[in-house]
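Peer 1: One file: model.tsv (TSV, C-alpha atoms).
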chain	number	residue	atom	x	y	z
A	1	MET	CA	86.14	150.18	108.25
A	2	THR	CA	88.88	148.57	106.15
A	3	ILE	CA	88.99	147.97	102.38
A	4	VAL	CA	90.74	144.67	101.61
A	5	ALA	CA	92.04	142.84	98.53
A	6	LEU	CA	92.88	139.19	99.30
A	7	GLY	CA	93.94	136.77	96.60
A	8	ILE	CA	96.39	134.69	94.61
A	9	ASN	CA	97.59	135.15	91.05
A	10	HIS	CA	100.07	133.90	88.45
A	11	LYS	CA	102.93	135.59	90.30
A	12	THR	CA	102.28	133.96	93.68
A	13	ALA	CA	100.83	130.53	92.91
A	14	PRO	CA	101.33	127.76	90.33
A	15	VAL	CA	98.48	126.75	88.06
A	16	GLU	CA	97.90	123.60	90.16
A	17	LEU	CA	96.87	125.77	93.14
A	18	ARG	CA	95.12	128.48	91.15
A	19	GLU	CA	92.76	125.96	89.60
A	20	LYS	CA	91.83	124.69	93.07
A	21	VAL	CA	90.99	128.20	94.27
A	22	ALA	CA	89.10	129.23	91.14
A	23	PHE	CA	85.33	129.70	91.51
A	24	SER	CA	82.97	128.12	89.00
A	25	THR	CA	79.76	130.03	88.20
A	26	GLU	CA	77.80	127.82	90.58
A	27	GLN	CA	80.39	128.16	93.36
A	28	LEU	CA	80.47	131.93	92.95
A	29	SER	CA	76.78	132.14	93.76
A	30	VAL	CA	77.19	130.09	96.94
A	31	ALA	CA	80.39	131.88	97.99
A	32	GLN	CA	78.93	135.37	97.60
A	33	GLN	CA	75.93	134.46	99.74
A	34	GLN	CA	78.08	132.77	102.39
A	35	LEU	CA	80.26	135.86	102.79
A	36	GLN	CA	77.26	138.10	103.34
A	37	GLN	CA	75.13	135.77	105.47
A	38	ALA	CA	78.02	134.88	107.79
A	39	ASN	CA	78.74	138.60	108.29
A	40	LEU	CA	82.37	138.03	107.32
A	41	VAL	CA	82.32	141.21	105.25
A	42	LEU	CA	80.24	144.34	104.81
A	43	GLU	CA	80.52	144.26	101.02
A	44	SER	CA	82.32	141.96	98.60
A	45	VAL	CA	83.21	141.32	94.96
A	46	ILE	CA	84.89	138.04	93.93
A	47	VAL	CA	87.08	138.09	90.81
A	48	SER	CA	87.97	134.63	89.48
A	49	THR	CA	89.89	134.23	86.20
A	50	CYS	CA	92.46	131.81	84.81
A	51	ASN	CA	95.29	133.84	86.33
A	52	ARG	CA	93.82	135.10	89.61
A	53	THR	CA	91.23	134.67	92.31
A	54	GLU	CA	90.68	137.77	94.41
A	55	ILE	CA	88.19	138.94	97.02
A	56	TYR	CA	87.65	142.69	97.25
A	57	CYS	CA	85.69	143.63	100.33
A	58	SER	CA	85.07	146.10	103.12
A	59	LEU	CA	85.40	144.87	106.70
A	60	GLU	CA	84.17	146.21	110.02
A	61	GLY	CA	87.67	145.89	111.48
A	62	ALA	CA	91.07	144.87	110.12
A	63	ASP	CA	91.00	141.09	110.71
A	64	THR	CA	91.67	139.32	107.39
A	65	GLN	CA	92.69	135.94	108.83
A	66	THR	CA	89.04	134.87	109.10
A	67	LEU	CA	88.58	135.71	105.42
A	68	LEU	CA	91.61	133.63	104.44
A	69	GLU	CA	90.38	130.70	106.54
A	70	TRP	CA	86.97	130.94	104.89
A	71	LEU	CA	88.57	130.84	101.41
A	72	ALA	CA	90.62	127.77	102.35
A	73	GLN	CA	87.64	126.00	103.92
A	74	PHE	CA	85.40	126.75	100.93
A	75	HIS	CA	87.86	125.04	98.56
A	76	HIS	CA	88.86	122.31	101.05
A	77	LEU	CA	92.45	123.53	101.32
A	78	ASP	CA	94.90	123.93	104.19
A	79	ALA	CA	94.80	127.56	105.34
A	80	VAL	CA	98.47	127.62	106.37
A	81	GLU	CA	99.58	126.30	102.99
A	82	LEU	CA	97.26	128.65	101.10
A	83	ALA	CA	98.58	131.62	103.08
A	84	LYS	CA	102.05	131.01	101.60
A	85	HIS	CA	100.72	131.90	98.15
A	86	THR	CA	98.28	134.71	98.96
A	87	TYR	CA	98.66	138.45	99.23
A	88	CYS	CA	96.54	140.83	101.25
A	89	TYR	CA	96.35	144.58	100.65
A	90	ARG	CA	94.49	147.08	102.82
A	91	ASP	CA	92.94	150.49	102.20
A	92	ASP	CA	95.04	152.60	99.77
A	93	ASP	CA	97.14	149.57	98.78
A	94	ALA	CA	93.97	147.57	98.06
A	95	ILE	CA	92.49	150.41	96.01
A	96	ASN	CA	95.76	150.78	94.10
A	97	HIS	CA	95.87	147.03	93.44
A	98	LEU	CA	92.33	146.90	92.06
A	99	MET	CA	93.00	149.81	89.71
A	100	ARG	CA	96.27	148.24	88.55
A	101	VAL	CA	94.51	144.95	87.84
A	102	ALA	CA	91.71	146.67	85.92
A	103	CYS	CA	94.24	148.60	83.81
A	104	GLY	CA	96.14	145.41	82.95
A	105	LEU	CA	99.25	146.42	84.91
A	106	ASP	CA	99.17	143.21	86.98
A	107	SER	CA	98.31	140.82	84.14
A	108	LEU	CA	100.38	138.00	82.69
A	109	VAL	CA	100.52	140.08	79.52
A	110	LEU	CA	101.12	143.71	80.53
A	111	GLY	CA	98.24	145.91	79.44
A	112	GLU	CA	95.91	143.12	78.25
A	113	PRO	CA	92.33	144.45	78.06
A	114	GLN	CA	90.41	141.25	78.80
A	115	ILE	CA	90.70	141.55	82.58
A	116	LEU	CA	88.63	144.75	82.69
A	117	GLY	CA	85.63	142.94	81.24
A	118	GLN	CA	86.09	140.14	83.76
A	119	ILE	CA	86.16	142.62	86.65
A	120	LYS	CA	83.02	144.31	85.35
A	121	GLN	CA	81.32	140.92	85.16
A	122	ALA	CA	82.40	140.10	88.74
A	123	TYR	CA	81.07	143.47	89.94
A	124	THR	CA	77.73	142.91	88.17
A	125	SER	CA	77.46	139.43	89.67
A	126	ALA	CA	78.15	140.77	93.18
A	127	LYS	CA	75.49	143.45	92.72
A	128	SER	CA	72.96	140.79	91.76
A	129	PHE	CA	73.54	139.19	95.17
A	130	LYS	CA	73.24	142.60	96.88
A	131	ALA	CA	76.85	142.29	98.03
A	132	VAL	CA	77.80	145.79	96.83
A	133	ASP	CA	76.93	148.91	98.80
A	134	VAL	CA	78.08	152.53	98.87
A	135	ILE	CA	81.85	151.97	99.30
A	136	LEU	CA	82.47	149.27	96.69
A	137	GLU	CA	79.96	150.84	94.32
A	138	ARG	CA	81.97	154.03	94.32
A	139	LEU	CA	85.32	152.18	94.22
A	140	PHE	CA	84.46	150.02	91.21
A	141	GLN	CA	82.89	152.88	89.27
A	142	LYS	CA	86.03	154.90	89.96
A	143	THR	CA	88.15	151.95	88.83
A	144	PHE	CA	86.27	151.61	85.54
A	145	ALA	CA	86.77	155.33	84.88
A	146	VAL	CA	90.50	155.03	85.63
A	147	ALA	CA	90.86	152.08	83.24
A	148	LYS	CA	89.18	154.08	80.48
A	149	GLN	CA	91.44	157.07	81.13
A	150	VAL	CA	94.57	154.91	81.04
A	151	ARG	CA	93.51	153.34	77.72
A	152	THR	CA	92.82	156.78	76.28
A	153	GLU	CA	95.84	158.71	77.56
A	154	THR	CA	98.64	156.10	77.41
A	155	ASP	CA	99.93	153.52	74.92
A	156	ILE	CA	99.32	150.62	77.29
A	157	GLY	CA	96.98	149.06	74.72
A	158	ALA	CA	98.64	150.35	71.55
A	159	SER	CA	99.25	146.83	70.24
A	160	ALA	CA	96.60	144.39	71.37
A	161	VAL	CA	98.13	141.65	73.47
A	162	SER	CA	96.60	139.00	75.70
A	163	VAL	CA	97.07	135.42	76.77
A	164	ALA	CA	95.36	134.55	73.49
A	165	TYR	CA	97.89	136.62	71.58
A	166	ALA	CA	100.74	134.94	73.44
A	167	ALA	CA	99.31	131.51	72.57
A	168	VAL	CA	99.21	132.33	68.87
A	169	SER	CA	102.71	133.83	69.08
A	170	LEU	CA	103.94	130.53	70.53
A	171	ALA	CA	102.33	128.56	67.70
A	172	LYS	CA	103.84	130.91	65.15
A	173	HIS	CA	107.24	130.64	66.78
A	174	ILE	CA	107.15	126.84	66.55
A	175	TYR	CA	105.56	126.40	63.12
A	176	GLY	CA	106.69	129.59	61.41
A	177	LYS	CA	103.82	130.12	58.99
A	178	LEU	CA	100.38	129.01	60.09
A	179	ASP	CA	98.65	128.92	56.69
A	180	LYS	CA	99.16	125.15	56.23
A	181	THR	CA	98.53	123.99	59.81
A	182	ASN	CA	95.28	122.47	61.01
A	183	VAL	CA	94.11	124.17	64.20
A	184	LEU	CA	91.56	122.81	66.67
A	185	LEU	CA	90.04	125.35	69.04
A	186	ILE	CA	88.18	123.92	72.02
A	187	GLY	CA	85.69	126.28	73.60
A	188	ALA	CA	83.78	129.25	72.21
A	189	GLY	CA	84.21	131.91	74.87
A	190	GLU	CA	85.92	135.29	74.72
A	191	THR	CA	89.43	133.87	75.02
A	192	ILE	CA	88.99	131.41	72.13
A	193	GLU	CA	87.41	134.18	70.07
A	194	LEU	CA	90.55	136.26	70.60
A	195	VAL	CA	92.71	133.26	69.68
A	196	ALA	CA	90.72	132.77	66.47
A	197	ARG	CA	91.06	136.44	65.61
A	198	HIS	CA	94.85	136.41	66.09
A	199	LEU	CA	95.14	133.14	64.14
A	200	HIS	CA	93.15	134.63	61.27
A	201	GLN	CA	95.35	137.72	61.26
A	202	ASN	CA	98.42	135.46	61.06
A	203	GLY	CA	97.20	133.59	58.02
A	204	SER	CA	95.60	130.53	59.60
A	205	ALA	CA	92.86	129.26	57.27
A	206	ARG	CA	92.20	125.74	58.59
A	207	MET	CA	90.39	126.13	61.89
A	208	THR	CA	87.89	123.86	63.60
A	209	VAL	CA	85.90	124.94	66.68
A	210	ALA	CA	84.71	122.33	69.18
A	211	ASN	CA	82.23	123.27	71.86
A	212	ARG	CA	79.64	121.72	74.15
A	213	THR	CA	77.01	123.97	72.54
A	214	VAL	CA	77.41	123.64	68.79
A	215	ALA	CA	75.17	126.63	68.04
A	216	ARG	CA	77.42	128.96	69.99
A	217	ALA	CA	80.49	127.58	68.24
A	218	GLN	CA	78.79	128.15	64.89
A	219	ASN	CA	78.53	131.90	65.50
A	220	LEU	CA	82.27	132.05	66.10
A	221	ALA	CA	83.12	129.73	63.21
A	222	ASP	CA	81.08	131.74	60.71
A	223	GLU	CA	83.22	134.81	61.29
A	224	PHE	CA	86.43	132.98	60.43
A	225	SER	CA	85.15	130.37	57.97
A	226	ALA	CA	85.94	127.59	60.43
A	227	HIS	CA	84.36	124.14	60.82
A	228	VAL	CA	82.29	123.20	63.86
A	229	ILE	CA	82.20	119.94	65.83
A	230	SER	CA	80.87	118.80	69.19
A	231	LEU	CA	83.13	117.86	72.13
A	232	ALA	CA	82.30	114.22	71.47
A	233	GLN	CA	84.02	114.51	68.09
A	234	VAL	CA	87.27	115.88	69.54
A	235	PRO	CA	89.13	112.49	69.66
A	236	GLU	CA	88.50	111.99	65.94
A	237	GLN	CA	89.47	115.58	65.11
A	238	LEU	CA	92.74	115.31	67.08
A	239	ILE	CA	94.09	112.99	64.42
A	240	LYS	CA	93.81	115.81	61.86
A	241	SER	CA	95.06	118.61	64.13
A	242	ASP	CA	98.57	120.07	64.34
A	243	ILE	CA	97.75	122.76	66.90
A	244	ILE	CA	95.21	122.38	69.69
A	245	ILE	CA	94.31	125.43	71.79
A	246	SER	CA	91.79	124.89	74.57
A	247	SER	CA	89.95	127.27	76.90
A	248	THR	CA	86.68	126.05	78.40
A	249	ALA	CA	84.94	126.35	81.76
A	250	SER	CA	85.00	122.59	82.31
A	251	THR	CA	85.92	121.48	85.83
A	252	LEU	CA	87.46	118.24	84.47
A	253	PRO	CA	90.06	117.66	81.74
A	254	ILE	CA	88.63	117.27	78.24
A	255	ILE	CA	91.72	115.70	76.66
A	256	GLY	CA	93.58	112.86	78.38
A	257	LYS	CA	96.87	111.14	77.75
A	258	GLY	CA	95.22	108.05	76.25
A	259	VAL	CA	93.31	109.84	73.51
A	260	VAL	CA	96.44	111.78	72.53
A	261	GLU	CA	98.43	108.52	72.32
A	262	GLN	CA	95.83	107.14	69.91
A	263	ALA	CA	95.88	110.33	67.83
A	264	LEU	CA	99.69	110.30	67.57
A	265	LYS	CA	99.67	106.68	66.47
A	266	ALA	CA	97.09	107.42	63.77
A	267	ARG	CA	99.15	110.45	62.67
A	268	ARG	CA	102.25	108.26	62.47
A	269	TYR	CA	103.72	110.40	65.25
A	270	LYS	CA	103.56	113.68	63.39
A	271	PRO	CA	104.15	116.30	66.17
A	272	MET	CA	101.24	118.02	67.89
A	273	LEU	CA	101.25	121.32	69.79
A	274	PHE	CA	98.85	121.62	72.74
A	275	ILE	CA	98.23	125.00	74.38
A	276	ASP	CA	96.01	124.82	77.46
A	277	ILE	CA	94.93	128.27	78.61
A	278	ALA	CA	92.07	127.09	80.80
A	279	VAL	CA	91.93	127.08	84.61
A	280	PRO	CA	91.08	124.42	85.73
A	281	ARG	CA	93.10	122.73	82.99
A	282	ASP	CA	91.44	121.18	79.96
A	283	ILE	CA	94.37	118.92	79.07
A	284	GLU	CA	95.91	116.36	81.43
A	285	SER	CA	99.47	117.28	82.40
A	286	GLN	CA	100.56	113.70	81.59
A	287	VAL	CA	100.19	114.54	77.88
A	288	SER	CA	103.57	116.28	78.13
A	289	GLU	CA	105.16	112.89	78.87
A	290	LEU	CA	104.45	111.70	75.32
A	291	ASP	CA	107.02	112.00	72.57
A	292	ASP	CA	105.87	114.25	69.73
A	293	ALA	CA	103.24	115.91	71.95
A	294	TYR	CA	104.23	119.36	73.19
A	295	LEU	CA	102.04	120.81	75.95
A	296	TYR	CA	102.13	124.41	77.17
A	297	THR	CA	99.97	125.98	79.90
A	298	VAL	CA	99.31	129.61	80.80
A	299	ASP	CA	102.39	129.56	83.02
A	300	ASP	CA	104.57	128.56	80.08
A	301	LEU	CA	103.50	131.66	78.16
A	302	GLN	CA	105.46	133.88	80.54
A	303	ALA	CA	108.60	133.79	78.38
A	304	ILE	CA	106.67	135.09	75.37
A	305	VAL	CA	104.97	137.69	77.48
A	306	SER	CA	108.26	139.06	78.79
A	307	GLU	CA	109.28	140.01	75.26
A	308	ASN	CA	106.42	142.50	75.15
A	309	MET	CA	107.22	144.07	78.51
A	310	ALA	CA	109.96	146.50	77.45
A	311	SER	CA	107.78	148.40	74.97
A	312	ARG	CA	105.06	148.85	77.57
A	313	GLU	CA	107.09	149.90	80.60
A	314	LYS	CA	106.88	153.61	79.87
A	315	ALA	CA	103.13	153.39	79.34
A	316	ALA	CA	102.82	151.44	82.59
A	317	GLU	CA	104.66	154.19	84.47
A	318	GLU	CA	102.29	156.80	83.02
A	319	ALA	CA	99.33	154.62	83.96
A	320	GLN	CA	100.59	154.25	87.53
A	321	ALA	CA	100.87	158.02	87.86
A	322	ILE	CA	97.19	158.34	86.89
A	323	ILE	CA	96.22	155.56	89.29
A	324	THR	CA	98.11	157.19	92.18
A	325	GLU	CA	96.13	160.41	91.66
A	326	ARG	CA	92.84	158.53	91.55
A	327	VAL	CA	93.66	156.54	94.69
A	328	GLU	CA	94.20	159.83	96.53
A	329	GLU	CA	90.90	161.16	95.20
A	330	PHE	CA	89.09	158.08	96.45
A	331	ARG	CA	90.81	158.36	99.83
A	332	LEU	CA	89.64	161.98	100.15
A	333	TRP	CA	86.11	160.86	99.30
A	334	LEU	CA	86.27	158.17	101.99
A	335	ASN	CA	87.52	160.70	104.50
A	336	SER	CA	84.68	163.04	103.58
A	337	LEU	CA	82.18	160.36	104.61
A	338	GLY	CA	83.56	160.58	108.12
A	339	SER	CA	83.47	164.39	108.06
A	340	VAL	CA	79.80	164.33	107.04
A	341	ASP	CA	78.98	162.41	110.20
A	342	VAL	CA	81.08	164.76	112.35
A	343	ILE	CA	79.46	167.84	110.84
A	344	LYS	CA	76.00	166.38	111.33
A	345	LEU	CA	76.70	165.56	114.99
A	346	TYR	CA	78.30	168.96	115.58
A	347	ARG	CA	75.31	170.77	114.10
A	348	GLU	CA	72.87	168.68	116.17
A	349	GLU	CA	74.79	169.38	119.37
A	350	THR	CA	74.92	173.12	118.63
A	351	GLU	CA	71.21	173.19	117.84
A	352	THR	CA	70.41	171.39	121.12
A	353	ILE	CA	72.41	173.94	123.15
A	354	LYS	CA	70.84	176.85	121.27
A	355	GLN	CA	67.27	175.62	121.74
A	356	ALA	CA	67.77	174.97	125.48
A	357	LEU	CA	69.19	178.46	126.11
A	358	LEU	CA	66.64	180.11	123.81
A	359	GLN	CA	63.76	178.46	125.66
A	360	LYS	CA	65.15	179.73	128.97
A	361	ALA	CA	65.57	183.26	127.54
A	362	GLN	CA	61.98	183.28	126.26
A	363	GLN	CA	60.71	182.24	129.70
A	364	GLN	CA	62.72	185.08	131.28
A	365	LEU	CA	61.23	187.60	128.86
A	366	LEU	CA	57.70	186.36	129.59
A	367	ALA	CA	58.48	186.75	133.30
A	368	GLY	CA	59.25	190.45	132.70
A	369	LYS	CA	63.05	190.41	132.90
A	370	PRO	CA	64.66	193.27	130.91
A	371	ALA	CA	65.38	192.26	127.31
A	372	ASP	CA	68.95	193.65	127.31
A	373	LYS	CA	69.86	191.53	130.34
A	374	VAL	CA	68.21	188.43	128.84
A	375	LEU	CA	70.08	188.88	125.56
A	376	LEU	CA	73.40	189.44	127.33
A	377	GLU	CA	72.89	186.33	129.49
A	378	PHE	CA	71.90	184.27	126.42
A	379	ALA	CA	74.97	185.43	124.49
A	380	ASN	CA	77.35	184.75	127.41
A	381	LYS	CA	75.97	181.31	128.15
A	382	PHE	CA	75.88	180.29	124.47
A	383	SER	CA	79.46	181.42	123.84
A	384	ASN	CA	80.66	179.76	127.07
A	385	ARG	CA	79.00	176.46	126.14
A	386	MET	CA	80.45	176.55	122.62
A	387	MET	CA	83.93	177.47	123.86
A	388	HIS	CA	84.07	174.85	126.61
A	389	ALA	CA	85.15	171.81	124.53
A	390	PRO	CA	87.79	173.57	122.36
A	391	THR	CA	89.14	175.49	125.39
A	392	THR	CA	89.59	172.22	127.29
A	393	ALA	CA	91.30	170.64	124.28
A	394	ILE	CA	93.68	173.59	123.91
A	395	LYS	CA	94.61	173.50	127.61
A	396	GLU	CA	95.26	169.75	127.53
A	397	ALA	CA	97.38	170.03	124.37
A	398	ALA	CA	99.38	172.93	125.86
A	399	GLU	CA	100.00	171.09	129.11
A	400	ALA	CA	101.15	168.00	127.20
A	401	GLY	CA	103.37	170.04	124.89
A	402	GLU	CA	101.49	168.79	121.79
A	403	LEU	CA	102.54	171.59	119.43
A	404	SER	CA	101.21	169.86	116.30
A	405	GLU	CA	97.81	169.36	117.94
A	406	LEU	CA	97.78	173.01	119.03
A	407	ALA	CA	98.51	174.07	115.47
A	408	GLN	CA	95.69	171.83	114.21
A	409	LEU	CA	93.23	173.25	116.77
A	410	ARG	CA	94.21	176.78	115.82
A	411	LYS	CA	93.57	175.91	112.15
A	412	ILE	CA	90.17	174.37	112.93
A	413	LEU	CA	89.11	177.38	115.03
A	414	GLY	CA	90.38	179.86	112.45
A	415	ILE	CA	92.82	181.47	114.87
A	416	GLU	CA	95.79	182.86	112.95
A	417	PRO	CA	98.83	184.37	114.76
A	418	GLN	CA	99.12	188.14	114.52
Since I need it in another form, could you write the structure as structure tokens?
Peer 2:
Amino acid sequence: MTIVALGINHKTAPVELREKVAFSTEQLSVAQQQLQQANLVLESVIVSTCNRTEIYCSLEGADTQTLLEWLAQFHHLDAVELAKHTYCYRDDDAINHLMRVACGLDSLVLGEPQILGQIKQAYTSAKSFKAVDVILERLFQKTFAVAKQVRTETDIGASAVSVAYAAVSLAKHIYGKLDKTNVLLIGAGETIELVARHLHQNGSARMTVANRTVARAQNLADEFSAHVISLAQVPEQLIKSDIIISSTASTLPIIGKGVVEQALKARRYKPMLFIDIAVPRDIESQVSELDDAYLYTVDDLQAIVSENMASREKAAEEAQAIITERVEEFRLWLNSLGSVDVIKLYREETETIKQALLQKAQQQLLAGKPADKVLLEFANKFSNRMMHAPTTAIKEAAEAGELSELAQLRKILGIEPQ
């Protein structure tokens, strides 16, 4: 059995490819069932965020090519081309990778906490499809415990940072003060909520939230005294907006080049800042071709993110030390599963031998054979049967000159040199 982590992320693939490999909620349901029904995996959890798509699974063997081909076929991509941008970790490396991701050590913004919630959601979703069994159940529970320990014992999350934080930092860098800018937030999910919180903390007082479901947007807007509009009102609101930050689950762009051209004309070409942190993208890439329209995607936030790296490197090293210990603990647990089976089989075999010899001894006693002779015969035969396999193994190891195997056998049998 092999534990595997197969995926792509912001380090290995551009946003154009990542958005093609991302799973929508509806696709996730189909994909999870396909994996299980086609017997491609024993267990599986699919993590799909704006910066990564990863499949964590346990396999009967070690063949991961079939899994890669399935991923490519599911998204109608060329497997050879996709392989150029994927990574595949096995066993301890896969366990280490999952724990690093959950702790924010593999995120665009080092130490960002949002990914842990996304992994928990992916795990819960997989459980609902009965795709999680003993191995992944234990692995993900262990991972959640590690993430909590890292947050508690290191400074990896001392200053809250995330893609949302980086987006607001970019806006602040360009505009300086944000108190007089008009901000349009598109979406009402967790990422936009974080953006709104950071904007509020940086003095932004003119926010408008646009969302497909107005009621959901209202809950967010009430907290920050923001206005609420529907997605249909976005073109009109663009004319009034200096900063537009978008993060929705839409599979198609919400803002196109044409509507931005009209907004710029109405604004008399007063500059507009667009920050698209959605995957798939909410804003057409052609918007960047317009004068006075400045478009940034999640990939463009890397420069801002790098500024925060230095202060978190020490905490990341401490976190990795914790993770390394926990990976070893999980490996020992996995190994113990195998030992349980060996012990069970060994006990069953011993019991079978004992019962067969005991039955023969009882028959001899009933036939009138002296008890001392019966007991001696029973003891000799039982010890001979139990010594046969290890004696053969010792002889074969000695003849082959396998000193390490001899030492291991001596340890197992409890034979210490005098």
Peer 1: A:Lys373, A:Ala79, A:Val279, A:Leu413: which is nearest Met387 (chain A), counting all atoms listed in the file?
Peer 2: A:Leu413
Peer 1: Using all atoms listed in the file, which residue out of A:Gln73, A:Ser250, A:Thr25, A:Asn211 lies closest to Ala126 (chain A)?
Peer 2: A:Thr25
Peer 1: Write out as a ChimeraX atom specification each polymer residue whose atoms come within 9 Å of Ala164 (chain A), counting all atoms listed in the file; drop sequence neighbours fewer than 5 positions from it.
Peer 2: /A:169,191-196,198,277
Peer 1: Hey, which of A:His76, A:Lys354, A:Arg197, A:Lys130 ends up closest to Gln33 (chain A)? Count all atoms listed in the file.
Peer 2: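 Closest to Gln33 (chain A) of all the choices is A:Lys130.
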Peer 1: By how many Å are CA of Val183 (chain A) and CA of Ala171 (chain A) apart?
Peer 2: 10.0 Å
Peer 1: To one decimal in Å, tell me the separation between CA of Ile135 (chain A) and CA of Met99 (chain A).
Peer 2: 14.9 Å
Peer 1: Could you tell me which of A:Lys84, A:Lys411, A:Lys270, A:Arg281 comes closest to Ile254 (chain A) if we count only C-alpha atoms?
Peer 2: A:Arg281
Peer 1: Name the residues in contact with region 2-8 of chain A at a cut-off of 8 Å, using all atoms listed in the file, excluding same-chain residues fewer than 5 positions from it; report them as a PDB file with C-alpha atoms, in the coordinates of the input.
Peer 2:
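Resulting contents of result-v2.pdb:
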ATOM      1  CA  ALA A  13     100.830 130.530  92.910  1.00  0.00           C
ATOM      2  CA  ARG A  18      95.120 128.480  91.150  1.00  0.00           C
ATOM      3  CA  ARG A  52      93.820 135.100  89.610  1.00  0.00           C
ATOM      4  CA  THR A  53      91.230 134.670  92.310  1.00  0.00           C
ATOM      5  CA  GLU A  54      90.680 137.770  94.410  1.00  0.00           C
ATOM      6  CA  ILE A  55      88.190 138.940  97.020  1.00  0.00           C
ATOM      7  CA  TYR A  56      87.650 142.690  97.250  1.00  0.00           C
ATOM      8  CA  CYS A  57      85.690 143.630 100.330  1.00  0.00           C
ATOM      9  CA  SER A  58      85.070 146.100 103.120  1.00  0.00           C
ATOM     10  CA  LEU A  59      85.400 144.870 106.700  1.00  0.00           C
ATOM     11  CA  GLU A  60      84.170 146.210 110.020  1.00  0.00           C
ATOM     12  CA  GLY A  61      87.670 145.890 111.480  1.00  0.00           C
ATOM     13  CA  ALA A  62      91.070 144.870 110.120  1.00  0.00           C
ATOM     14  CA  THR A  64      91.670 139.320 107.390  1.00  0.00           C
ATOM     15  CA  LEU A  68      91.610 133.630 104.440  1.00  0.00           C
ATOM     16  CA  HIS A  85     100.720 131.900  98.150  1.00  0.00           C
ATOM     17  CA  THR A  86      98.280 134.710  98.960  1.00  0.00           C
ATOM     18  CA  TYR A  87      98.660 138.450  99.230  1.00  0.00           C
ATOM     19  CA  CYS A  88      96.540 140.830 101.250  1.00  0.00           C
ATOM     20  CA  TYR A  89      96.350 144.580 100.650  1.00  0.00           C
ATOM     21  CA  ARG A  90      94.490 147.080 102.820  1.00  0.00           C
ATOM     22  CA  ASP A  91      92.940 150.490 102.200  1.00  0.00           C
ATOM     23  CA  ALA A  94      93.970 147.570  98.060  1.00  0.00           C
ATOM     24  CA  ILE A  95      92.490 150.410  96.010  1.00  0.00           C
ATOM     25  CA  HIS A  97      95.870 147.030  93.440  1.00  0.00           C
ATOM     26  CA  LEU A  98      92.330 146.900  92.060  1.00  0.00           C
TER      27      LEU A  98
END
Peer 1: Quick one: pull the distance between CA of Gly111 (chain A) and CA of Ala315 (chain A), Å, one decimal.
Peer 2: 8.9 Å
Peer 1: Give me the residues near Ile119 (chain A) as an mmCIF file with C-alpha atoms, in the frame of the given file, where near means some atom within 7 Å (using only C-alpha atoms) and where sequence neighbours in that chain fewer than 3 positions away do not count.
Peer 2:
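Final output, saved to out.cif:
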data_model
loop_
_atom_site.group_PDB
_atom_site.id
_atom_site.type_symbol
_atom_site.label_atom_id
_atom_site.label_comp_id
_atom_site.auth_asym_id
_atom_site.auth_seq_id
_atom_site.Cartn_x
_atom_site.Cartn_y
_atom_site.Cartn_z
ATOM 1 C CA VAL A 47 87.080 138.090 90.810
ATOM 2 C CA ALA A 102 91.710 146.670 85.920
ATOM 3 C CA ILE A 115 90.700 141.550 82.580
ATOM 4 C CA LEU A 116 88.630 144.750 82.690
ATOM 5 C CA ALA A 122 82.400 140.100 88.740
ATOM 6 C CA TYR A 123 81.070 143.470 89.940
#
Peer 1: How big is the axis-aligned box around all listed atoms of region 109-120 of chain A once 3 Å goes on each side, and where's its centre, in Å to one decimal, as AutoDock Vina command-line options?
Peer 2:
--center_x 92.1 --center_y 143.0 --center_z 82.4 --size_x 24.1 --size_y 11.8 --size_z 14.6
